[in-house]
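Chemist: Have a look at this one before I ask anything.
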Amino acid sequence: MPDTKDSTNGLENRDPLFHARGLTKVYHPSGEIEVRALDGVDLDLFESELVVLLGASGSGKSTLLNILGGLDIPTDGTLDYRGESLTDADERTLTLFRRDTVGFVFQFYNLIPSLTARENVALITDIARNPMAPEEALALVGLEDRLDHFPAQLSGGEQQRVAIARAIAKRPDVLLCDEPTGALDVKTGITVLEAIARVNEDLGTLAMIITHNAAIADMAGRVIHLSAGHITEIHTNTERRPASTLVW
Amino acid sequence: MRPLDLKLLRDLRTMKGQMLAISLVMACGLTMMIMARGLIVSLETERDRYYAENRFADVFSDLVRAPNSLRSRLMEISGAGTVETRVTGHAILDIPGMDDIAEAILVSIPDERPQQLNILHILQGRLPEHAGRNEIVISKAFADAHGFRPGDTIQATMYGNREELYISGTAMSPEFVYELPPGAFVPDNKRYGVFWMNERELANAFNMDGAFNNVVMTLAPGGNVEAVKAEMDRILRPYGGQISYDRSEQASAQWVETEIEGLRAFALAFPIIFLSVAAFMTSAALTRLVRLQREQIAQLKAFGYSSTAIGIHYFKFTLAAVIAATVMGGVGGLWAGRGIVILYEPFFQFPSLTFRPDYPAVLIGLVASAGAAFLGVLNSVRQAVKLPPAEAMRPEPPAEFKPSRIEALGLQNLVSPAFRMALRNLERKPWQGLFTALGLAMATAIPIVPGAMRDGMNYMMDFQWRLAQRQDVTLGLIEPGSYASFTAMRNLPGVLHAEPFRAVSARIGHGHHERRISLSGLPQDGQLNRLLDADANQIPLPLSGVLLSEKLAEVLDVKPGGTVRLEVQEGRRPVFDIVVAGTITDFADIGAYMDIDALRRLMREGDTVSGAHLTLDSAQWAPFLASAREAPQIGAIVRTRAARESFDETMAELIVIAHTIYFGFAAVLAFGVIYNGARIALSERTRDLATLRVLGYTQREVAGVLIGELALLTLLAILPGLFIGTQLAAAILEAASTETTRFPLVLTGRTYATAVLIVLASSILSFAIVSRRIHKLDLIGVLKARE
């Protein structure tokens, strides 16, 4: 597959959604020890693109996603979203940012067990500014028949698709997916990836998938390789493979 | 220290808030139990010792007048022990610098031999000695209220004669432990005292030479109290004998018993409430802990720890709470008990009332609370140790939920997802919800008790001494007088309006029920001493027939339209049957009322009066009082508002203390229950709540979700709580009421609102403290781990 190293594939002429420079995150798990989870990351992310962030366990990819998603703040460096700084944002600003802008999909779904599929989605549509109906969001991920099922009554793939519906129901500008297929078998994983790809195409959402599964990279527009807190490589797929054709 | 005990200490440290909440609720129950049981033992011990050592009589009787020779007949009554005949009388006092009426009851002591019954406990000075000097011993409470000491003198009007009384000593008597003015229900030591005087001098002052008007006696071993009373009544009847009574009806002894009964109820009800709520709280907290530590338990078992060792380890958590509660409850109970014994001083005149802890009861309370708490955790510990280690190492299967039943009614569209989470959690754990609600209901109920007591007493005061008795002063004549004496009273300085009354002492009977009462004749158009119905509307006085206090009709078991037998103990002593025309509402004493002229006709007398009700020009109070004291015919001056004032003076502090105790305990209960529930909910739903924060819910919104369930329970608990509180207050007021003092149940919006406010405020405080933990939720960590 032809690669273009360190290229933004013509995107550089547009204003980025995320603009990160020298992004650094240092943890001090105990006294003297210092862990540099991110170490001077420069990165621009653009509207409507589908990005896969590849890296091994401990490479810093979750830290990067958490900072992009407003769950964490960097120790050093700057991060802007649409020109607004997230670097020094307070708790309230970050909460509003997550609420209005970001959709999250997690490895372990994080659904509320006491609420049905529809209600888990309604949890978000209740507080979002311009949401779609929960039923519409669930239809987008192919769960229109499972509206009133509780998480315990759904399979893992179905639960993850509820989580995607929950993430997209607010029509977010950014969809951040942390190992969305990590707990799923291949077949189920593909249906989940298809759902993410559909949202990216239909709604024009910036979708970022972090994974250690290199096979998933083929469906991305751009693939970012992270290792030991550094971006080691960014390449652009000239041809994106549909999720349904992926194999791992 | 063994590793498991180290784990215990560290786990206790992380759960210290919850353990403290549990211990506090438990400590409240133990405090009340230790305090109340100790007070019961203290009162009973001192009462028994005092009554026995000072030979408190068993049977009592009043009569009009009998010759001293009758004493030997009384001594021959089968079953009678020691008999003492006495003279009693009443004096109006003139105390320098006191711009109010003070009275004393005078009781004779034998002249030439020591007292045999109701022996005085002399505190200062000595018994009266010098004949002809009007020496008296006065009650300690009265002496203290005025600063009187042996050697001082008091001016008194006795039987119309002004005398100077010389104080030879101060004393207490088992007969007057609760020194109550007639018709009142709190002591009034400034305005009312007890004086003891040598018999001959007292008889002389009251024109009772060679006679007596009061009998006290003990029972011989094996003597039958009912038989003795009946025989005594038979002997005394020709001498104007009232119905004799035993200790159970003797005013002072009755109030001591009422207090002990009240404490007994208190010592049972409140510890049960608090200790059972604490047991439930322990159970809920430990169940959650065991669930959280499921994998640790599995590991311990895999390492070879026995189920028993692990079971004991979790029981030690309960033990820690019980120990903390015992220390706090023990200190609190002893402190409160000692404090309340001091508060008893103005009410109960005992020679040496000290707080005596009831150690056996404390032990029982401790064992009960520990036992209840152990039982509460037994089930969860058993389940935890029962699992094979391999299975226990896997996390518990996810919780199954279903739509709540309320939603089946089609209300789901009306409520938010957060509210639905609360509903479904409640339906999944109905017992936990029920017990939490019950704890909160109890917390709502408790503050209603002091409010109802205060309002009941106020209502009673207001009804009795403002709405019913509108006179400023009631004057009583020494002997019934003619219309001229009424005119004399009406013409005293400052009198604005006067109404005569005729009062005779009488026995009233219906079937086998009999009571001694005052039968009052009132004028038809009277506006001062009014007879009222329950709504405080004046009841017109019937021209024939008699009106009875509701309570009197109840104890006689007679209804309006029925007939009662009246035996008047004065004058011609007429005996007649009369129709009960109706009942009146009153709260103090029991009485019968009729038209004054109808009574006079039955007594075959003309315009006779016993006294007058007066309204006064308050500016003329001093000259009025001076003239009334000087008037030889006047034997009693009663100021209507004095009852209210003495109540306010004596009870105000007590009511504040009672409110503080009840409010404090209710607040601890509500706070503890909510805190425990919220901590458990937070622990159970950390993952859900962190997820909501990640998804963009603000801290406040997440707190709302956490609180939803408990807020719902709080709201659900309020109405049942108000109901339970009402029942509790009714039961306590009923227990505090006697035949002669009846506390009405009055519940105001203020009482209910206060109860609700206390529970809401404690709950909100509790929520606020737990909500602070939402700030500390680990948003990232929760996304990384599977539950």
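In the structure tokens, chains take the letters A, B, ... in the order shown, each chain's residues start at 1, and ligands count up from 1 in the order shown.
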Quick one: residues within 7 Å of Val83 (chain B), only C-alpha atoms, excluding same-chain residues fewer than 3 positions away - as a VMD selection string?
Modeler: chain B and resid 75 216 to 218
Chemist: Just write the chosen residues, C-alpha atoms, as a PDB file, in the first residue's frame.
Modeler:
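Here's the written file out.pdb:
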ATOM      1  CA  MET B  75     -56.207   1.617 114.518  1.00  0.00           C
ATOM      2  CA  VAL B 216     -52.422   8.687 107.045  1.00  0.00           C
ATOM      3  CA  MET B 217     -51.637   5.062 107.751  1.00  0.00           C
ATOM      4  CA  THR B 218     -49.426   2.204 106.755  1.00  0.00           C
TER       5      THR B 218
END
Chemist: With the cut-off set at 10 Å and counting only C-alpha atoms, tabulate each residue of chain A with an atom at most that distance from an atom of chain B, showing the nearest atom pair and its distance in Å to one decimal, ordered by chain and increasing number, as CSV.
Modeler:
residue,atom,partner,partner_atom,distance
A:Ser62,CA,B:Ile780,CA,9.3
A:Thr63,CA,B:Ile780,CA,9.3
A:Asn66,CA,B:Ile780,CA,7.7
A:Gly69,CA,B:Val694,CA,8.9
A:Gly70,CA,B:Val694,CA,8.6
A:Leu71,CA,B:Val694,CA,6.9
A:Asp72,CA,B:Ile780,CA,8.4
A:Glu91,CA,B:Thr698,CA,9.1
A:Arg92,CA,B:Thr698,CA,7.4
A:Leu94,CA,B:Gly696,CA,8.3
A:Thr95,CA,B:Gly696,CA,5.1
A:Leu96,CA,B:Gly696,CA,6.3
A:Phe97,CA,B:Gly696,CA,7.5
A:Arg98,CA,B:Gly696,CA,4.9
A:Arg99,CA,B:Gly696,CA,3.8
A:Asp100,CA,B:Gly696,CA,7.6
A:Thr101,CA,B:Gly696,CA,9.3
A:Val102,CA,B:Leu695,CA,8.1
A:Gly103,CA,B:Leu695,CA,7.3
A:Phe104,CA,B:Leu695,CA,7.0
A:Val105,CA,B:Leu695,CA,9.7
A:Phe106,CA,B:Leu783,CA,6.7
A:Gln107,CA,B:Lys784,CA,7.6
A:Phe108,CA,B:Arg786,CA,6.1
A:Tyr109,CA,B:Leu783,CA,8.5
A:Asn110,CA,B:Thr691,CA,6.3
A:Leu111,CA,B:Asp688,CA,7.5
A:Ile112,CA,B:Asp688,CA,5.8
A:Pro113,CA,B:Phe401,CA,7.0
A:Ser114,CA,B:Phe401,CA,5.5
A:Leu115,CA,B:Met421,CA,6.4
A:Thr116,CA,B:Pro403,CA,8.6
A:Arg118,CA,B:Pro417,CA,9.6
A:Glu119,CA,B:Pro417,CA,6.0
A:Asn120,CA,B:Pro417,CA,7.7
A:Val121,CA,B:Pro417,CA,9.5
A:Ala122,CA,B:Pro417,CA,7.0
A:Leu123,CA,B:Pro417,CA,6.1
A:Ile124,CA,B:Leu695,CA,7.5
A:Asp126,CA,B:Ser416,CA,8.2
A:Ile127,CA,B:Tyr697,CA,7.8
A:Ala128,CA,B:Gly696,CA,9.1
A:Asp148,CA,B:Pro403,CA,9.3
A:His149,CA,B:Lys402,CA,9.0
A:Phe150,CA,B:Phe401,CA,6.9
A:Pro151,CA,B:Glu400,CA,8.5
A:Ala152,CA,B:Glu400,CA,6.1
A:Gln153,CA,B:Glu400,CA,8.4
A:Arg166,CA,B:Leu695,CA,9.2
A:Ala167,CA,B:Leu695,CA,8.2
A:Asp178,CA,B:Leu783,CA,9.2
Chemist: Please identify all polymer residues within 9 Å of Asn213 (chain A), counting only C-alpha atoms, omitting same-chain residues fewer than 2 positions from it, and present them as a PyMOL selection string.
Modeler: chain A and resi 54-56+179+182+210-211+215-217+248
Chemist: In Å, how far is it from CA of Met172 (chain B) to CA of Ser139 (chain B)?
Modeler: 5.7 Å
Chemist: If DSSP is run on the backbone, what residues of region 39-168 of chain A are helix (DSSP H, G or I)? A reply as a VMD selection string would be ideal.
Modeler: chain A and resid 61 to 68 91 to 101 117 to 125 134 to 140 151 to 153 156 to 168
Chemist: Nearest residue to Ile508 (chain B) out of B:Leu292, B:Ile724, B:Ala643, B:Ile578, using only C-alpha atoms?
Modeler: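 Between B:Leu292, B:Ile724, B:Ala643, B:Ile578, the residue approaching Ile508 (chain B) most closely is B:Ile578.
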Chemist: Which distance in Å separates CA of Arg644 (chain B) and CA of Asp586 (chain B), to one decimal?
Modeler: 15.3 Å
Chemist: Interatomic distance between CA of Glu49 (chain A) and CA of Leu206 (chain A)?
Modeler: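 According to the coordinates, CA of Glu49 (chain A) and CA of Leu206 (chain A) are separated by 5.1 Å.
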Chemist: Please determine, counting only C-alpha atoms, which residue among A:His19, A:Arg161, A:Arg14, A:Arg129 has the shortest atom-to-atom distance to Ala195 (chain A).
Modeler: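 Result for the nearest residue to Ala195 (chain A): A:Arg161.
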Chemist: For a quick check of understanding, using only C-alpha atoms, which of B:Ala598, B:Ile590, B:Leu387, B:Ala652 has the smallest distance to Leu522 (chain B)?
Modeler: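 Of B:Ala598, B:Ile590, B:Leu387, B:Ala652, the one nearest Leu522 (chain B), counting only C-alpha atoms, is B:Ala598.
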Chemist: With DSSP run on the backbone, what are the strand (DSSP E) residues within region 68-225 of chain A? I'd like them as a PyMOL selection string.
Modeler: chain A and resi 76-81+84-85+102-105+174-178+206-211+222-225
Chemist: Which residue, A:Ala37, A:Leu65, A:Val247, A:Ala117, has the smallest gap to Asp185 (chain A) when you use only C-alpha atoms?
Modeler: A:Val247
Chemist: Name the residues in contact with Leu106 (chain B) at a cut-off of 9 Å, using only C-alpha atoms, excluding same-chain residues fewer than 6 positions from it; report them as an NGL selection string.
Modeler: :B and (87-91 or 193-197 or 202)
Chemist: Write out, as a PDB file, in the first residue's frame, the residues just selected, with C-alpha atoms.
Modeler:
ATOM      1  CA  VAL B  87     -54.658  18.537 111.074  1.00  0.00           C
ATOM      2  CA  THR B  88     -54.026  20.208 107.775  1.00  0.00           C
ATOM      3  CA  GLY B  89     -54.794  23.734 106.788  1.00  0.00           C
ATOM      4  CA  HIS B  90     -54.059  26.457 104.342  1.00  0.00           C
ATOM      5  CA  ALA B  91     -52.375  29.805 104.826  1.00  0.00           C
ATOM      6  CA  GLY B 193     -44.741  25.788 100.111  1.00  0.00           C
ATOM      7  CA  VAL B 194     -45.370  23.136 102.749  1.00  0.00           C
ATOM      8  CA  PHE B 195     -45.175  24.082 106.462  1.00  0.00           C
ATOM      9  CA  TRP B 196     -45.160  21.645 109.369  1.00  0.00           C
ATOM     10  CA  MET B 197     -46.389  22.801 112.752  1.00  0.00           C
ATOM     11  CA  LEU B 202     -52.162  24.128 114.285  1.00  0.00           C
TER      12      LEU B 202
END
Chemist: Using only C-alpha atoms, which residues sit within 7 Å of region 446-451 of chain B once same-chain residues fewer than 4 positions away are excluded, as a list in words?
Modeler: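 My reading of the contact set: Met442, Asp455, Ala658, His659, Tyr662, Phe663, Ala666, Gly725, Thr726, Leu728, Ala729, Thr751, Tyr752 and Ala755 of chain B.
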